[in-house]
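Data block for input-v4.tsv (TSV, N, CA and C atoms):
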chain	number	residue	atom	x	y	z
A	1	MET	N	0.45	15.29	24.92
A	1	MET	CA	0.17	14.24	25.87
A	1	MET	C	0.63	12.91	25.28
A	2	THR	N	1.31	12.12	26.08
A	2	THR	CA	1.82	10.83	25.63
A	2	THR	C	0.97	9.71	26.21
A	3	LYS	N	1.24	8.49	25.74
A	3	LYS	CA	0.52	7.33	26.27
A	3	LYS	C	0.79	7.20	27.78
A	4	ALA	N	2.01	7.49	28.20
A	4	ALA	CA	2.35	7.42	29.63
A	4	ALA	C	1.51	8.42	30.43
A	5	ASP	N	1.27	9.60	29.87
A	5	ASP	CA	0.42	10.60	30.53
A	5	ASP	C	-1.01	10.08	30.66
A	6	ILE	N	-1.50	9.43	29.61
A	6	ILE	CA	-2.86	8.88	29.66
A	6	ILE	C	-2.95	7.80	30.72
A	7	VAL	N	-1.96	6.92	30.78
A	7	VAL	CA	-1.94	5.86	31.81
A	7	VAL	C	-1.93	6.49	33.19
A	8	GLU	N	-1.13	7.52	33.38
A	8	GLU	CA	-1.06	8.21	34.68
A	8	GLU	C	-2.41	8.82	35.05
A	9	ASN	N	-3.09	9.45	34.09
A	9	ASN	CA	-4.42	10.02	34.36
A	9	ASN	C	-5.44	8.96	34.71
A	10	VAL	N	-5.41	7.82	34.00
A	10	VAL	CA	-6.34	6.72	34.30
A	10	VAL	C	-6.07	6.19	35.70
A	11	THR	N	-4.80	6.04	36.05
A	11	THR	CA	-4.42	5.57	37.39
A	11	THR	C	-4.95	6.50	38.46
A	12	ARG	N	-4.76	7.80	38.24
A	12	ARG	CA	-5.17	8.80	39.23
A	12	ARG	C	-6.69	8.91	39.34
A	13	THR	N	-7.40	8.97	38.21
A	13	THR	CA	-8.84	9.21	38.26
A	13	THR	C	-9.67	7.98	38.57
A	14	CYS	N	-9.18	6.80	38.17
A	14	CYS	CA	-9.98	5.58	38.38
A	14	CYS	C	-9.52	4.76	39.58
A	15	GLY	N	-8.34	5.05	40.09
A	15	GLY	CA	-7.85	4.33	41.26
A	15	GLY	C	-7.29	2.95	40.94
A	16	PHE	N	-7.03	2.67	39.67
A	16	PHE	CA	-6.43	1.38	39.30
A	16	PHE	C	-4.94	1.41	39.59
A	17	ALA	N	-4.37	0.21	39.69
A	17	ALA	CA	-2.91	0.12	39.77
A	17	ALA	C	-2.34	0.55	38.42
A	18	LYS	N	-1.08	0.99	38.43
A	18	LYS	CA	-0.48	1.48	37.19
A	18	LYS	C	-0.46	0.40	36.11
A	19	LYS	N	-0.19	-0.85	36.49
A	19	LYS	CA	-0.15	-1.96	35.54
A	19	LYS	C	-1.54	-2.18	34.94
A	20	GLU	N	-2.59	-2.11	35.76
A	20	GLU	CA	-3.96	-2.27	35.26
A	20	GLU	C	-4.32	-1.14	34.30
A	21	SER	N	-3.93	0.07	34.65
A	21	SER	CA	-4.19	1.22	33.80
A	21	SER	C	-3.48	1.08	32.46
A	22	TYR	N	-2.23	0.64	32.51
A	22	TYR	CA	-1.47	0.44	31.29
A	22	TYR	C	-2.14	-0.60	30.39
A	23	ASP	N	-2.55	-1.73	30.99
A	23	ASP	CA	-3.21	-2.79	30.23
A	23	ASP	C	-4.52	-2.29	29.63
A	24	LEU	N	-5.26	-1.50	30.36
A	24	LEU	CA	-6.53	-0.95	29.88
A	24	LEU	C	-6.31	-0.03	28.69
A	25	VAL	N	-5.36	0.89	28.82
A	25	VAL	CA	-5.07	1.83	27.73
A	25	VAL	C	-4.56	1.08	26.51
A	26	GLU	N	-3.67	0.11	26.71
A	26	GLU	CA	-3.17	-0.70	25.60
A	26	GLU	C	-4.30	-1.45	24.90
A	27	SER	N	-5.23	-1.99	25.67
A	27	SER	CA	-6.37	-2.72	25.09
A	27	SER	C	-7.23	-1.81	24.23
A	28	VAL	N	-7.51	-0.62	24.72
A	28	VAL	CA	-8.34	0.33	23.96
A	28	VAL	C	-7.64	0.71	22.66
A	29	PHE	N	-6.35	1.04	22.74
A	29	PHE	CA	-5.61	1.41	21.53
A	29	PHE	C	-5.53	0.24	20.55
A	30	SER	N	-5.37	-0.96	21.07
A	30	SER	CA	-5.28	-2.15	20.23
A	30	SER	C	-6.59	-2.39	19.49
A	31	ILE	N	-7.71	-2.22	20.18
A	31	ILE	CA	-9.02	-2.39	19.56
A	31	ILE	C	-9.25	-1.33	18.48
A	32	VAL	N	-8.92	-0.08	18.79
A	32	VAL	CA	-9.08	1.00	17.81
A	32	VAL	C	-8.20	0.74	16.58
A	33	LYS	N	-6.96	0.36	16.80
A	33	LYS	CA	-6.03	0.10	15.70
A	33	LYS	C	-6.53	-1.04	14.82
A	34	ALA	N	-6.95	-2.15	15.43
A	34	ALA	CA	-7.43	-3.31	14.66
A	34	ALA	C	-8.68	-2.95	13.87
A	35	THR	N	-9.57	-2.17	14.46
A	35	THR	CA	-10.79	-1.76	13.77
A	35	THR	C	-10.47	-0.90	12.56
A	36	LEU	N	-9.56	0.05	12.71
A	36	LEU	CA	-9.18	0.92	11.60
A	36	LEU	C	-8.43	0.14	10.52
A	37	GLU	N	-7.58	-0.80	10.92
A	37	GLU	CA	-6.85	-1.61	9.95
A	37	GLU	C	-7.81	-2.42	9.08
A	38	SER	N	-8.94	-2.84	9.66
A	38	SER	CA	-9.91	-3.62	8.90
A	38	SER	C	-10.78	-2.75	7.99
A	39	GLY	N	-10.59	-1.43	8.06
A	39	GLY	CA	-11.33	-0.52	7.19
A	39	GLY	C	-12.60	0.03	7.79
A	40	GLN	N	-12.92	-0.34	9.02
A	40	GLN	CA	-14.12	0.17	9.68
A	40	GLN	C	-13.82	1.50	10.35
A	41	GLU	N	-14.87	2.27	10.61
A	41	GLU	CA	-14.70	3.54	11.32
A	41	GLU	C	-14.85	3.33	12.81
A	42	VAL	N	-14.27	4.24	13.58
A	42	VAL	CA	-14.38	4.23	15.04
A	42	VAL	C	-15.05	5.54	15.42
A	43	LYS	N	-16.25	5.42	15.98
A	43	LYS	CA	-17.03	6.60	16.36
A	43	LYS	C	-17.18	6.61	17.88
A	44	ILE	N	-16.68	7.66	18.51
A	44	ILE	CA	-16.73	7.80	19.96
A	44	ILE	C	-17.65	8.97	20.28
A	45	SER	N	-18.79	8.67	20.85
A	45	SER	CA	-19.80	9.69	21.14
A	45	SER	C	-19.22	10.80	22.00
A	46	GLY	N	-19.45	12.05	21.59
A	46	GLY	CA	-18.97	13.19	22.33
A	46	GLY	C	-17.51	13.52	22.06
A	47	PHE	N	-16.84	12.70	21.24
A	47	PHE	CA	-15.43	12.93	20.94
A	47	PHE	C	-15.21	13.13	19.44
A	48	GLY	N	-15.56	12.11	18.65
A	48	GLY	CA	-15.40	12.26	17.21
A	48	GLY	C	-15.36	10.93	16.50
A	49	LYS	N	-15.01	10.99	15.21
A	49	LYS	CA	-15.01	9.80	14.36
A	49	LYS	C	-13.68	9.68	13.63
A	50	PHE	N	-13.05	8.50	13.77
A	50	PHE	CA	-11.85	8.15	13.02
A	50	PHE	C	-12.31	7.30	11.84
A	51	GLU	N	-11.78	7.62	10.65
A	51	GLU	CA	-12.22	6.91	9.46
A	51	GLU	C	-11.04	6.73	8.51
A	52	VAL	N	-10.98	5.56	7.86
A	52	VAL	CA	-9.95	5.30	6.86
A	52	VAL	C	-10.57	5.57	5.50
A	53	LYS	N	-9.92	6.44	4.72
A	53	LYS	CA	-10.42	6.78	3.39
A	53	LYS	C	-9.40	6.35	2.35
A	54	GLN	N	-9.92	5.96	1.18
A	54	GLN	CA	-9.07	5.53	0.08
A	54	GLN	C	-8.76	6.73	-0.82
A	55	LYS	N	-7.50	6.92	-1.12
A	55	LYS	CA	-7.09	7.96	-2.06
A	55	LYS	C	-6.65	7.27	-3.35
A	56	ASN	N	-7.11	7.77	-4.47
A	56	ASN	CA	-6.76	7.21	-5.77
A	56	ASN	C	-5.35	7.64	-6.17
A	57	ALA	N	-4.81	6.92	-7.16
A	57	ALA	CA	-3.52	7.32	-7.73
A	57	ALA	C	-3.70	8.70	-8.35
A	58	ARG	N	-2.63	9.50	-8.29
A	58	ARG	CA	-2.74	10.84	-8.86
A	58	ARG	C	-1.38	11.28	-9.37
A	59	ARG	N	-1.41	12.29	-10.20
A	59	ARG	CA	-0.18	12.83	-10.75
A	59	ARG	C	0.42	13.80	-9.75
A	60	GLY	N	1.71	13.69	-9.55
A	60	GLY	CA	2.43	14.59	-8.65
A	60	GLY	C	3.67	15.12	-9.35
A	61	ARG	N	4.48	15.85	-8.59
A	61	ARG	CA	5.68	16.45	-9.17
A	61	ARG	C	6.81	16.37	-8.16
A	62	ASN	N	7.97	15.97	-8.61
A	62	ASN	CA	9.16	15.96	-7.77
A	62	ASN	C	9.60	17.42	-7.60
A	63	PRO	N	9.56	17.97	-6.37
A	63	PRO	CA	9.87	19.39	-6.19
A	63	PRO	C	11.33	19.74	-6.50
A	64	GLN	N	12.24	18.77	-6.43
A	64	GLN	CA	13.65	19.08	-6.70
A	64	GLN	C	13.93	19.16	-8.20
A	65	THR	N	13.31	18.22	-8.97
A	65	THR	CA	13.62	18.17	-10.39
A	65	THR	C	12.51	18.71	-11.28
A	66	GLY	N	11.29	18.82	-10.71
A	66	GLY	CA	10.15	19.26	-11.51
A	66	GLY	C	9.57	18.14	-12.35
A	67	GLU	N	10.15	16.93	-12.23
A	67	GLU	CA	9.70	15.78	-13.01
A	67	GLU	C	8.31	15.34	-12.55
A	68	SER	N	7.44	15.01	-13.51
A	68	SER	CA	6.10	14.53	-13.22
A	68	SER	C	6.16	13.05	-12.84
A	69	ILE	N	5.48	12.68	-11.76
A	69	ILE	CA	5.44	11.28	-11.31
A	69	ILE	C	4.01	10.90	-10.96
A	70	ILE	N	3.75	9.60	-10.89
A	70	ILE	CA	2.43	9.11	-10.48
A	70	ILE	C	2.55	8.63	-9.04
A	71	LEU	N	1.71	9.17	-8.16
A	71	LEU	CA	1.67	8.76	-6.76
A	71	LEU	C	0.72	7.58	-6.63
A	72	ASP	N	1.14	6.55	-5.92
A	72	ASP	CA	0.35	5.33	-5.76
A	72	ASP	C	-0.92	5.59	-4.96
A	73	PRO	N	-1.96	4.76	-5.20
A	73	PRO	CA	-3.15	4.87	-4.35
A	73	PRO	C	-2.78	4.49	-2.92
A	74	ARG	N	-3.48	5.05	-1.96
A	74	ARG	CA	-3.17	4.77	-0.55
A	74	ARG	C	-4.39	4.99	0.31
A	75	ARG	N	-4.29	4.52	1.54
A	75	ARG	CA	-5.35	4.75	2.51
A	75	ARG	C	-4.85	5.76	3.52
A	76	VAL	N	-5.71	6.70	3.91
A	76	VAL	CA	-5.33	7.72	4.88
A	76	VAL	C	-6.34	7.72	6.03
A	77	LEU	N	-5.85	8.05	7.21
A	77	LEU	CA	-6.69	8.12	8.39
A	77	LEU	C	-7.15	9.56	8.59
A	78	THR	N	-8.47	9.74	8.76
A	78	THR	CA	-9.01	11.07	9.01
A	78	THR	C	-9.73	11.07	10.36
A	79	PHE	N	-9.81	12.25	10.95
A	79	PHE	CA	-10.54	12.41	12.21
A	79	PHE	C	-11.47	13.60	12.07
A	80	LYS	N	-12.73	13.40	12.42
A	80	LYS	CA	-13.70	14.49	12.43
A	80	LYS	C	-14.21	14.64	13.87
A	81	PRO	N	-13.91	15.77	14.51
A	81	PRO	CA	-14.36	15.94	15.90
A	81	PRO	C	-15.88	16.10	15.97
A	82	SER	N	-16.44	15.66	17.10
A	82	SER	CA	-17.88	15.83	17.32
A	82	SER	C	-18.16	17.32	17.56
A	83	ASN	N	-19.42	17.68	17.45
A	83	ASN	CA	-19.81	19.07	17.72
A	83	ASN	C	-19.49	19.46	19.17
A	84	LEU	N	-19.63	18.50	20.10
A	84	LEU	CA	-19.32	18.79	21.51
A	84	LEU	C	-17.84	19.09	21.70
A	85	LEU	N	-16.97	18.29	21.08
A	85	LEU	CA	-15.53	18.53	21.20
A	85	LEU	C	-15.15	19.83	20.52
A	86	ARG	N	-15.70	20.07	19.35
A	86	ARG	CA	-15.40	21.31	18.63
A	86	ARG	C	-15.81	22.52	19.47
A	87	ALA	N	-16.99	22.45	20.10
A	87	ALA	CA	-17.47	23.56	20.93
A	87	ALA	C	-16.57	23.76	22.16
A	88	ALA	N	-16.14	22.65	22.77
A	88	ALA	CA	-15.28	22.75	23.95
A	88	ALA	C	-13.94	23.38	23.58
A	89	ILE	N	-13.39	23.01	22.46
A	89	ILE	CA	-12.10	23.56	22.02
A	89	ILE	C	-12.22	25.04	21.73
A	90	ASN	N	-13.35	25.45	21.15
A	90	ASN	CA	-13.56	26.86	20.80
A	90	ASN	C	-14.15	27.68	21.93
A	91	GLY	N	-14.34	27.08	23.10
A	91	GLY	CA	-14.86	27.82	24.24
A	91	GLY	C	-16.34	28.10	24.17
A	92	ASP	N	-17.07	27.34	23.34
A	92	ASP	CA	-18.51	27.55	23.18
A	92	ASP	C	-19.32	26.54	23.97
A	93	ALA	N	-18.73	25.84	24.93
A	93	ALA	CA	-19.41	24.76	25.65
A	93	ALA	C	-20.77	25.24	26.18
A	94	GLY	N	-21.79	24.45	25.88
A	94	GLY	CA	-23.12	24.76	26.37
A	94	GLY	C	-23.94	25.61	25.43
A	95	GLN	N	-23.33	26.16	24.40
A	95	GLN	CA	-24.08	27.00	23.46
A	95	GLN	C	-24.47	26.18	22.24
A	96	GLY	N	-25.68	26.34	21.81
A	96	GLY	CA	-26.17	25.64	20.64
A	96	GLY	C	-25.79	26.36	19.37
A	97	PRO	N	-26.21	25.82	18.22
A	97	PRO	CA	-25.91	26.48	16.96
A	97	PRO	C	-26.57	27.85	16.89
A	98	ALA	N	-25.92	28.79	16.23
A	98	ALA	CA	-26.43	30.16	16.15
A	98	ALA	C	-27.51	30.30	15.12
I'd like the structure from this file rewritten - as structure tokens, please.
Amino acid sequence: MTKADIVENVTRTCGFAKKESYDLVESVFSIVKATLESGQEVKISGFGKFEVKQKNARRGRNPQTGESIILDPRRVLTFKPSNLLRAAINGDAGQGPA
């Protein structure tokens, strides 16, 4: 699914004009992006949690030469789906923990 598909779905389901739907989707993505850039997490109830985690420098290996190198520290984006989303994907909707 692309951003254009999301805009089309918002237009169809909410009855907004395409331009309004586009602006709405852009605003949501912009807010999520800015929040993650600042290091905060984004938690969407019933969907999941986006979180930026810090990875330390570590030793790696160049696969072509076998030479040992040091990989720089970096930040990575992780996503943890909510239990509701996980259940829906696995076809367990409506069932509680076993």
(request) May I have the protein, DNA and RNA residues with an atom at most 5 Å from (-19.5, 12.8, 14.7), counting all atoms listed in the file in the file's coordinates, returned as number ranges by chain? (result) A: 48-49, 82
List as a short mmCIF file (atom, residue, chain, number, x, y, z; two decimals) with N, CA and C atoms, in the coordinates of the input the protein and nucleic acid residues near Ile6 of chain A, meaning an atom at most 12 Å away when only C-alpha atoms are counted, but skip any in the same chain fewer than 2 places from it.
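Output (out18.cif):
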data_model
loop_
_atom_site.label_atom_id
_atom_site.label_comp_id
_atom_site.auth_asym_id
_atom_site.auth_seq_id
_atom_site.Cartn_x
_atom_site.Cartn_y
_atom_site.Cartn_z
N MET A 1 0.45 15.29 24.92
CA MET A 1 0.17 14.24 25.87
C MET A 1 0.63 12.91 25.28
N THR A 2 1.31 12.12 26.08
CA THR A 2 1.82 10.83 25.63
C THR A 2 0.97 9.71 26.21
N LYS A 3 1.24 8.49 25.74
CA LYS A 3 0.52 7.33 26.27
C LYS A 3 0.79 7.20 27.78
N ALA A 4 2.01 7.49 28.20
CA ALA A 4 2.35 7.42 29.63
C ALA A 4 1.51 8.42 30.43
N GLU A 8 -1.13 7.52 33.38
CA GLU A 8 -1.06 8.21 34.68
C GLU A 8 -2.41 8.82 35.05
N ASN A 9 -3.09 9.45 34.09
CA ASN A 9 -4.42 10.02 34.36
C ASN A 9 -5.44 8.96 34.71
N VAL A 10 -5.41 7.82 34.00
CA VAL A 10 -6.34 6.72 34.30
C VAL A 10 -6.07 6.19 35.70
N THR A 11 -4.80 6.04 36.05
CA THR A 11 -4.42 5.57 37.39
C THR A 11 -4.95 6.50 38.46
N ARG A 12 -4.76 7.80 38.24
CA ARG A 12 -5.17 8.80 39.23
C ARG A 12 -6.69 8.91 39.34
N THR A 13 -7.40 8.97 38.21
CA THR A 13 -8.84 9.21 38.26
C THR A 13 -9.67 7.98 38.57
N CYS A 14 -9.18 6.80 38.17
CA CYS A 14 -9.98 5.58 38.38
C CYS A 14 -9.52 4.76 39.58
N LYS A 18 -1.08 0.99 38.43
CA LYS A 18 -0.48 1.48 37.19
C LYS A 18 -0.46 0.40 36.11
N SER A 21 -3.93 0.07 34.65
CA SER A 21 -4.19 1.22 33.80
C SER A 21 -3.48 1.08 32.46
N TYR A 22 -2.23 0.64 32.51
CA TYR A 22 -1.47 0.44 31.29
C TYR A 22 -2.14 -0.60 30.39
N ASP A 23 -2.55 -1.73 30.99
CA ASP A 23 -3.21 -2.79 30.23
C ASP A 23 -4.52 -2.29 29.63
N LEU A 24 -5.26 -1.50 30.36
CA LEU A 24 -6.53 -0.95 29.88
C LEU A 24 -6.31 -0.03 28.69
N VAL A 25 -5.36 0.89 28.82
CA VAL A 25 -5.07 1.83 27.73
C VAL A 25 -4.56 1.08 26.51
N GLU A 26 -3.67 0.11 26.71
CA GLU A 26 -3.17 -0.70 25.60
C GLU A 26 -4.30 -1.45 24.90
N VAL A 28 -7.51 -0.62 24.72
CA VAL A 28 -8.34 0.33 23.96
C VAL A 28 -7.64 0.71 22.66
N PHE A 29 -6.35 1.04 22.74
CA PHE A 29 -5.61 1.41 21.53
C PHE A 29 -5.53 0.24 20.55
#
(request) Just the strand (DSSP E) stuff from chain A, please, per backbone DSSP, written as a ChimeraX atom specification. (result) /A:42-44,48-55,58-61,68-71,74-81
(request) Can you pull out every residue within 8 Å of Leu77 of chain A, counting only N, CA and C atoms, but drop anything in the same chain fewer than 4 positions away, and send it as a ChimeraX atom specification? (result) /A:50-54
(request) Calculate how many Å separate atom CA of Ser38 of chain A from atom CA of Arg75 of chain A, rounding to one decimal. (result)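 Pair atom CA of Ser38 of chain A / atom CA of Arg75 of chain A returns 11.5 Å.
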(request) Quick one: pull the distance between atom CA of Lys43 of chain A and atom CA of Arg86 of chain A, Å, one decimal. (result) 15.0 Å
(request) Find the distance between atom N of Gln64 of chain A and atom CA of Thr78 of chain A and write it in Å to one decimal. (result)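 Taking atom N of Gln64 of chain A as the start and atom CA of Thr78 of chain A as the end point, the length is 27.4 Å.
Distances here use all atoms listed in the file; by that measure, the residue among A:Glu67, A:Phe47, A:Leu36, A:Val7 closest to Leu85 of chain A is A:Phe47.
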(request) Could you please write out, as a ChimeraX atom specification, every residue of chain A that DSSP assigns to alpha helix (DSSP H)? (result) /A:3-14,18-37,83-89
(request) Write out as a list of chain:residue names the residues lying within 8 Å of Arg58 of chain A, counting all atoms listed in the file and excluding same-chain residues fewer than 6 positions away. (result) A:Ile69, A:Ile70, A:Leu71, A:Asp72, A:Pro73, A:Arg74
Repair of segment 73-94 of chain A at the level of N, CA, C and O atoms, as a short mmCIF file (atom, residue, chain, number, x, y, z; two decimals), keeping the file's coordinate frame:
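Dumped to out.cif:
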data_model
loop_
_atom_site.label_atom_id
_atom_site.label_comp_id
_atom_site.auth_asym_id
_atom_site.auth_seq_id
_atom_site.Cartn_x
_atom_site.Cartn_y
_atom_site.Cartn_z
N PRO A 73 -1.96 4.76 -5.20
CA PRO A 73 -3.15 4.87 -4.35
C PRO A 73 -2.78 4.49 -2.92
O PRO A 73 -1.84 3.70 -2.70
N ARG A 74 -3.48 5.05 -1.96
CA ARG A 74 -3.17 4.77 -0.55
C ARG A 74 -4.39 4.99 0.31
O ARG A 74 -5.38 5.57 -0.13
N ARG A 75 -4.29 4.52 1.54
CA ARG A 75 -5.35 4.75 2.51
C ARG A 75 -4.85 5.76 3.52
O ARG A 75 -3.68 5.72 3.93
N VAL A 76 -5.71 6.70 3.91
CA VAL A 76 -5.33 7.72 4.88
C VAL A 76 -6.34 7.72 6.03
O VAL A 76 -7.51 7.40 5.86
N LEU A 77 -5.85 8.05 7.21
CA LEU A 77 -6.69 8.12 8.39
C LEU A 77 -7.15 9.56 8.59
O LEU A 77 -6.35 10.49 8.56
N THR A 78 -8.47 9.74 8.76
CA THR A 78 -9.01 11.07 9.01
C THR A 78 -9.73 11.07 10.36
O THR A 78 -10.18 10.02 10.84
N PHE A 79 -9.81 12.25 10.95
CA PHE A 79 -10.54 12.41 12.21
C PHE A 79 -11.47 13.60 12.07
O PHE A 79 -11.04 14.68 11.63
N LYS A 80 -12.73 13.40 12.42
CA LYS A 80 -13.70 14.49 12.43
C LYS A 80 -14.21 14.64 13.87
O LYS A 80 -14.84 13.73 14.40
N PRO A 81 -13.91 15.77 14.51
CA PRO A 81 -14.36 15.94 15.90
C PRO A 81 -15.88 16.10 15.97
O PRO A 81 -16.51 16.60 15.05
N SER A 82 -16.44 15.66 17.10
CA SER A 82 -17.88 15.83 17.32
C SER A 82 -18.16 17.32 17.56
O SER A 82 -17.26 18.11 17.86
N ASN A 83 -19.42 17.68 17.45
CA ASN A 83 -19.81 19.07 17.72
C ASN A 83 -19.49 19.46 19.17
O ASN A 83 -19.11 20.59 19.43
N LEU A 84 -19.63 18.50 20.10
CA LEU A 84 -19.32 18.79 21.51
C LEU A 84 -17.84 19.09 21.70
O LEU A 84 -17.48 20.05 22.39
N LEU A 85 -16.97 18.29 21.08
CA LEU A 85 -15.53 18.53 21.20
C LEU A 85 -15.15 19.83 20.52
O LEU A 85 -14.38 20.63 21.06
N ARG A 86 -15.70 20.07 19.35
CA ARG A 86 -15.40 21.31 18.63
C ARG A 86 -15.81 22.52 19.47
O ARG A 86 -15.07 23.50 19.58
N ALA A 87 -16.99 22.45 20.10
CA ALA A 87 -17.47 23.56 20.93
C ALA A 87 -16.57 23.76 22.16
O ALA A 87 -16.25 24.90 22.53
N ALA A 88 -16.14 22.65 22.77
CA ALA A 88 -15.28 22.75 23.95
C ALA A 88 -13.94 23.38 23.58
O ALA A 88 -13.41 24.21 24.34
N ILE A 89 -13.39 23.01 22.46
CA ILE A 89 -12.10 23.56 22.02
C ILE A 89 -12.22 25.04 21.73
O ILE A 89 -11.33 25.83 22.05
N ASN A 90 -13.35 25.45 21.15
CA ASN A 90 -13.56 26.86 20.80
C ASN A 90 -14.15 27.68 21.93
O ASN A 90 -14.44 28.86 21.72
N GLY A 91 -14.34 27.08 23.10
CA GLY A 91 -14.86 27.82 24.24
C GLY A 91 -16.34 28.10 24.17
O GLY A 91 -16.84 28.99 24.86
N ASP A 92 -17.07 27.34 23.34
CA ASP A 92 -18.51 27.55 23.18
C ASP A 92 -19.32 26.54 23.97
O ASP A 92 -20.49 26.32 23.67
N ALA A 93 -18.73 25.84 24.93
CA ALA A 93 -19.41 24.76 25.65
C ALA A 93 -20.77 25.24 26.18
O ALA A 93 -20.89 26.29 26.79
N GLY A 94 -21.79 24.45 25.88
CA GLY A 94 -23.12 24.76 26.37
C GLY A 94 -23.94 25.61 25.43
O GLY A 94 -25.13 25.82 25.65
#
